[in-house]
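So this one's work.txt, compact mmCIF, C-alpha atoms:
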# COMPACT_ATOMS: atom_id res chain seq x y z
CA ASN A 24 9.72 -17.97 31.19
CA SER A 25 8.97 -14.51 29.83
CA THR A 26 5.90 -12.94 28.29
CA GLU A 27 8.24 -11.05 25.91
CA MET A 28 9.02 -13.94 23.60
CA HIS A 29 10.73 -12.05 20.77
CA PHE A 30 9.97 -15.09 18.64
CA PHE A 31 9.51 -13.22 15.38
CA ASP A 32 12.20 -10.58 15.79
CA TRP A 33 15.16 -12.15 17.62
CA ASN A 34 16.98 -15.16 16.15
CA PHE A 35 17.48 -17.24 19.25
CA PHE A 36 17.37 -20.58 17.43
CA PRO A 37 20.41 -22.90 17.39
CA ASN A 38 22.77 -22.67 14.44
CA GLY A 39 21.69 -24.91 11.61
CA ASN A 40 17.99 -24.83 12.49
CA PRO A 41 16.04 -24.21 9.27
CA ILE A 42 13.80 -21.78 11.13
CA ARG A 43 16.74 -19.39 11.50
CA SER A 44 17.00 -19.10 7.74
CA PHE A 45 13.25 -18.49 7.56
CA LEU A 46 13.44 -15.54 9.92
CA ASN A 47 16.35 -14.06 7.99
CA VAL A 48 14.56 -13.92 4.65
CA THR A 49 14.19 -10.63 2.89
CA LYS A 50 10.93 -8.83 2.21
CA ARG A 51 11.13 -9.87 -1.46
CA GLN A 52 11.59 -13.53 -0.52
CA LEU A 53 8.68 -13.33 1.89
CA GLN A 54 6.44 -12.12 -0.91
CA ASN A 55 7.60 -14.55 -3.59
CA THR A 56 8.40 -17.84 -1.85
CA TYR A 57 6.23 -20.29 0.01
CA ASP A 58 7.39 -23.43 1.81
CA GLU A 59 4.51 -25.14 3.61
CA GLU A 60 6.79 -27.60 5.43
CA GLN A 61 9.02 -24.86 6.77
CA ASP A 62 6.04 -22.69 7.69
CA CYS A 63 4.59 -25.63 9.59
CA GLN A 64 7.83 -26.06 11.54
CA VAL A 65 7.83 -22.41 12.55
CA ARG A 66 4.14 -22.54 13.49
CA GLN A 67 4.60 -25.64 15.65
CA LEU A 68 7.59 -24.14 17.43
CA TYR A 69 5.75 -20.90 18.15
CA THR A 70 2.54 -22.52 19.39
CA SER A 71 4.54 -24.96 21.54
CA HIS A 72 5.24 -22.03 23.88
CA PHE A 73 1.56 -21.80 24.82
CA LEU A 74 -0.62 -24.01 26.98
CA ALA A 75 -2.67 -26.45 24.91
CA ASP A 76 -4.86 -28.35 27.36
CA GLY A 77 -8.06 -28.38 25.32
CA SER A 78 -9.72 -25.97 27.75
CA GLY A 79 -10.34 -23.30 25.14
CA ASN A 80 -8.23 -20.77 27.08
CA ILE A 81 -6.82 -17.84 25.12
CA SER A 82 -3.08 -17.24 25.42
CA PHE A 83 -1.26 -13.95 25.14
CA GLU A 84 2.30 -12.82 24.61
CA LYS A 85 3.69 -9.29 24.51
CA THR A 86 6.73 -8.16 22.56
CA PRO A 87 6.69 -4.37 21.99
CA SER A 88 9.42 -4.46 19.33
CA TYR A 89 7.15 -6.46 17.01
CA LEU A 90 5.47 -3.18 16.10
CA VAL A 91 8.64 -1.62 14.75
CA VAL A 92 10.66 -4.46 13.17
CA PRO A 93 9.86 -4.47 9.42
CA HIS A 94 9.49 -8.20 8.74
CA VAL A 95 7.32 -9.14 11.73
CA ALA A 96 3.85 -8.26 10.38
CA PRO A 97 4.15 -10.22 7.10
CA VAL A 98 5.78 -13.18 8.84
CA MET A 99 3.08 -13.34 11.51
CA LYS A 100 0.34 -13.09 8.89
CA ARG A 101 1.87 -16.06 7.13
CA ILE A 102 2.53 -18.20 10.21
CA VAL A 103 -0.31 -17.29 12.60
CA PRO A 104 -2.93 -15.46 10.51
CA TRP A 105 -5.66 -16.02 13.11
CA VAL A 106 -4.05 -13.97 15.89
CA LYS A 107 -5.58 -10.81 17.34
CA VAL A 108 -3.04 -8.01 17.60
CA ILE A 109 -3.12 -5.34 20.33
CA ALA A 110 -0.96 -2.20 20.22
CA ILE A 111 -0.80 0.14 23.20
CA LEU A 112 0.66 3.53 22.28
CA ARG A 113 2.14 6.03 24.71
CA ASN A 114 2.75 9.75 24.22
CA PRO A 115 5.85 9.44 22.00
CA VAL A 116 7.70 12.12 23.97
CA ASP A 117 7.23 10.23 27.25
CA ARG A 118 7.94 6.91 25.52
CA ALA A 119 11.25 8.22 24.18
CA TYR A 120 12.41 9.42 27.59
CA SER A 121 11.29 6.24 29.33
CA HIS A 122 13.16 4.20 26.71
CA TYR A 123 16.32 6.24 27.31
CA CYS A 124 16.07 5.91 31.10
CA PHE A 125 15.60 2.16 30.83
CA GLU A 126 18.70 1.80 28.62
CA TYR A 127 20.67 4.12 30.91
CA ILE A 128 19.85 2.09 34.00
CA GLN A 129 20.44 -1.26 32.28
CA LYS A 130 23.90 -0.19 31.10
CA TYR A 131 24.85 1.30 34.47
CA ARG A 132 23.79 -1.82 36.34
CA LYS A 133 25.65 -4.14 33.97
CA THR A 134 28.86 -2.18 33.37
CA GLY A 135 28.96 0.79 35.71
CA GLU A 136 29.16 3.01 32.62
CA ARG A 137 26.77 5.83 31.82
CA LEU A 138 25.07 6.66 28.53
CA GLN A 139 25.46 10.05 26.90
CA ASN A 140 22.93 12.53 28.24
CA PHE A 141 19.42 12.49 26.79
CA GLU A 142 19.70 15.80 24.95
CA THR A 143 22.88 14.65 23.17
CA ALA A 144 21.27 11.35 22.19
CA ILE A 145 18.17 13.10 20.85
CA LYS A 146 20.23 15.62 18.87
CA LYS A 147 22.15 12.79 17.18
CA GLU A 148 18.94 10.99 16.28
CA ILE A 149 17.33 14.20 14.97
CA ASP A 150 20.37 14.78 12.75
CA GLN A 151 19.88 11.31 11.30
CA LEU A 152 16.14 11.87 10.84
CA ARG A 153 16.90 15.16 9.08
CA LEU A 154 19.27 13.43 6.65
CA THR A 155 16.60 10.89 5.70
CA GLY A 156 13.80 13.47 5.45
CA PHE A 157 11.79 12.58 8.55
CA TYR A 158 12.54 15.90 10.23
CA PRO A 159 10.95 18.37 10.21
CA THR A 160 8.61 16.03 8.28
CA MET A 161 8.42 14.24 4.99
CA SER A 162 4.66 13.77 5.20
CA ASN A 163 3.90 16.58 2.74
CA LYS A 164 6.84 15.89 0.44
CA THR A 165 6.87 12.21 -0.29
CA LEU A 166 4.56 9.27 -0.65
CA GLN A 167 3.75 7.11 2.35
CA GLU A 168 5.55 4.23 0.66
CA ASP A 169 8.76 6.28 0.73
CA GLU A 170 8.27 6.93 4.44
CA GLU A 171 7.99 3.22 5.11
CA LYS A 172 11.03 2.42 2.97
CA HIS A 173 13.23 4.97 4.75
CA PHE A 174 11.85 3.91 8.14
CA ASP A 175 12.63 0.24 7.50
CA THR A 176 16.15 1.15 6.38
CA LEU A 177 16.81 3.08 9.58
CA ILE A 178 15.48 0.28 11.77
CA GLN A 179 17.46 -2.42 9.95
CA ALA A 180 20.62 -0.34 10.35
CA ARG A 181 20.15 -0.48 14.14
CA GLY A 182 20.16 -4.28 14.24
CA LEU A 183 18.07 -6.41 16.56
CA SER A 184 18.93 -4.46 19.70
CA LEU A 185 16.97 -1.36 18.56
CA ASN A 186 19.08 0.76 20.89
CA ASN A 187 19.02 4.53 20.39
CA THR A 188 15.70 4.50 18.56
CA TYR A 189 14.07 6.90 20.99
CA LEU A 190 12.37 9.06 18.36
CA LEU A 191 12.05 6.59 15.52
CA ARG A 192 9.88 4.20 17.52
CA GLY A 193 7.44 7.03 18.28
CA LEU A 194 6.50 7.49 14.61
CA TYR A 195 3.49 5.25 15.16
CA ALA A 196 1.52 6.00 12.00
CA ILE A 197 4.29 4.69 9.75
CA GLN A 198 4.49 1.45 11.73
CA LEU A 199 0.73 0.90 11.95
CA ARG A 200 0.11 1.42 8.24
CA LYS A 201 2.11 -1.74 7.54
CA TRP A 202 0.36 -3.74 10.26
CA MET A 203 -3.04 -2.68 8.93
CA ARG A 204 -2.24 -4.20 5.55
CA TYR A 205 -1.80 -7.61 7.17
CA PHE A 206 -4.14 -7.37 10.17
CA PRO A 207 -7.16 -5.20 9.28
CA TYR A 208 -8.12 -2.44 11.69
CA PRO A 209 -10.20 -2.71 13.83
CA GLU A 210 -11.23 -6.35 13.24
CA SER A 211 -7.82 -7.92 13.84
CA LEU A 212 -5.86 -4.99 15.24
CA LEU A 213 -6.83 -3.12 18.41
CA VAL A 214 -5.01 0.13 19.19
CA LEU A 215 -5.23 1.55 22.69
CA LYS A 216 -3.78 4.52 24.56
CA TYR A 217 -1.24 3.86 27.31
CA GLU A 218 -2.72 6.78 29.25
CA ASP A 219 -6.06 4.94 29.36
CA LEU A 220 -4.26 1.89 30.71
CA GLU A 221 -2.98 4.07 33.55
CA ASN A 222 -6.15 6.03 34.22
CA ARG A 223 -9.01 3.79 33.00
CA PRO A 224 -7.77 0.22 33.39
CA GLN A 225 -11.25 -1.33 33.45
CA TYR A 226 -12.08 0.35 30.14
CA VAL A 227 -8.90 -1.03 28.55
CA TYR A 228 -9.55 -4.47 30.04
CA THR A 229 -13.07 -4.48 28.58
CA ARG A 230 -11.83 -3.42 25.14
CA ILE A 231 -9.30 -6.25 25.12
CA LEU A 232 -11.89 -8.83 26.17
CA GLN A 233 -14.18 -7.67 23.37
CA HIS A 234 -11.34 -7.80 20.85
CA VAL A 235 -10.44 -11.42 21.60
CA GLY A 236 -14.06 -12.56 21.90
CA LEU A 237 -14.31 -13.10 25.65
CA PRO A 238 -17.32 -12.09 27.78
CA ASP A 239 -17.09 -8.88 29.75
CA HIS A 240 -16.32 -9.05 33.47
CA ALA A 241 -14.61 -7.02 36.15
CA MET A 242 -10.84 -6.94 36.41
CA PRO A 243 -9.52 -9.53 38.86
CA GLY A 244 -7.28 -6.91 40.46
CA LYS A 245 -4.92 -4.05 39.67
CA PHE A 246 -2.48 -4.31 36.78
CA GLN A 247 0.97 -5.08 38.09
CA ALA A 248 3.54 -2.37 37.39
CA HIS A 249 6.82 -3.40 35.77
CA ASN A 250 10.06 -1.47 35.19
CA THR A 251 9.16 1.01 37.93
CA LEU A 252 12.34 3.05 37.69
CA LYS A 253 11.02 6.53 38.40
CA ASP A 254 13.52 7.05 41.23
CA TRP A 255 16.20 7.13 38.54
CA TYR A 256 14.43 9.67 36.34
CA ILE A 257 15.79 13.19 36.01
CA PRO A 258 13.09 15.61 34.84
CA MET A 259 13.27 16.31 31.11
CA LYS A 260 14.22 19.84 30.14
CA ASN A 261 11.25 21.90 28.94
CA ARG A 262 12.97 22.94 25.71
CA THR A 263 13.71 19.28 24.94
CA ARG A 264 10.08 18.31 25.49
CA THR A 265 8.90 21.16 23.27
CA MET A 266 11.33 20.25 20.50
CA MET A 267 10.24 16.61 20.58
CA ALA A 268 6.55 17.51 20.65
CA ASP A 269 7.04 19.65 17.54
CA LEU A 270 8.81 16.76 15.79
CA PHE A 271 6.05 14.29 16.57
CA GLU A 272 3.10 16.61 15.85
CA PRO A 273 2.67 15.86 12.12
CA TYR A 274 3.06 12.13 12.70
CA ASN A 275 0.51 12.22 15.52
CA ALA A 276 -1.85 13.92 13.05
CA GLN A 277 -1.24 11.05 10.62
CA LEU A 278 -2.10 8.65 13.43
CA ALA A 279 -5.46 10.37 13.95
CA ASP A 280 -6.11 10.12 10.21
CA LEU A 281 -5.58 6.36 10.52
CA LEU A 282 -7.41 5.64 13.77
CA GLY A 283 -10.12 8.27 14.05
CA GLU A 284 -10.86 11.65 15.57
CA ASP A 285 -10.66 10.46 19.18
CA TRP A 286 -6.88 10.31 18.58
CA ARG A 287 -6.74 13.91 17.30
CA GLY A 288 -4.65 16.04 19.64
CA VAL A 289 -4.56 13.34 22.29
CA TRP A 290 -0.95 14.16 23.25
CA SER A 291 -1.06 17.92 22.65
Before anything else, please render the file you have as structure tokens.
Amino acid sequence: NSTEMHFFDWNFFPNGNPIRSFLNVTKRQLQNTYDEEQDCQVRQLYTSHFLADGSGNISFEKTPSYLVVPHVAPVMKRIVPWVKVIAILRNPVDRAYSHYCFEYIQKYRKTGERLQNFETAIKKEIDQLRLTGFYPTMSNKTLQEDEEKHFDTLIQARGLSLNNTYLLRGLYAIQLRKWMRYFPYPESLLVLKYEDLENRPQYVYTRILQHVGLPDHAMPGKFQAHNTLKDWYIPMKNRTRTMMADLFEPYNAQLADLLGEDWRGVWS
């Protein structure tokens, strides 16, 4: 009933289902164990969510948290190695504030309670990033493998909800490096800019069609907007935006190193 399936990151299976234990395995177990029967069960359950009428149609699902959860890329490579992956990245400053506003509104609607203000939430997360070496940046001090290890530890400490990861989820280069090891860029992994989706939707539509092997044609209509909550937004303070832009700058540079020069300075 939802295009956000969360199949590979949320354990929504009944207790006792062997697939639950599969999704809870550690990274070491993923690398060193192989159970074809169990893999087949997981594969059949996942593909059962998609239409299989023999028409040759291509099915899509979208779950943004797949990008950030550490075990998803290796599990997907093992279960559905043929898939084409698409990542759409937004200016990490704007993404962080949108994420906060969404959580704020969700909590207020459900409980009537309000989250701490954005500046307080960001300061707490920056303090945690500073303790683990991500702020001001660890890019010139440690190996990329150390970045990934510390990143995975921080994400796992948050649990499946991924609440209060406003800054962490904007460190795109660290997340994409792992995905590229399992789904080669650009053959299996397409990375697009959210701003192009807003301003050049036909261009983005064409890139996606090419990526999944479909013929080019005009969009059938406008993209439908979801989570349109701008009436709730309070403008971000300029000093907060500047501080966040400075934090993300070295990681955005790493992203351009990964994806090419057309990503250099794209959010400056």
Nearest to Cys124 in chain A, chosen from A:Met99, A:Met28, A:Ile111, A:Ile257, with only C-alpha atoms counted in the distances: A:Ile257
Contacts of Asp280 in chain A within 9 Å, only C-alpha atoms, excl. fewer than 6 positions in-chain, as a list in words: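 Listing them by chain and then by number gives Ala196, Trp286 and Arg287 of chain A.
Closest approach to Asp62 in chain A among A:Pro224, A:Gly236, A:Pro104, A:Gly79 is made by A:Pro104 (distances from all atoms listed in the file).
Minimum atom-to-atom distances from A:Ala279, A:Val65, A:Met259, A:Leu154 to Val103 in chain A were compared using all atoms listed in the file, and the lowest value belongs to A:Val65.
Using all atoms listed in the file, the shortest contact distance between Arg204 in chain A and any of A:Val116, A:Ile128, A:Leu185, A:Lys100 is found at A:Lys100.
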Separation of CA of Ala180 in chain A from CA of Tyr131 in chain A, in Å and rounded to one decimal: 24.5 Å
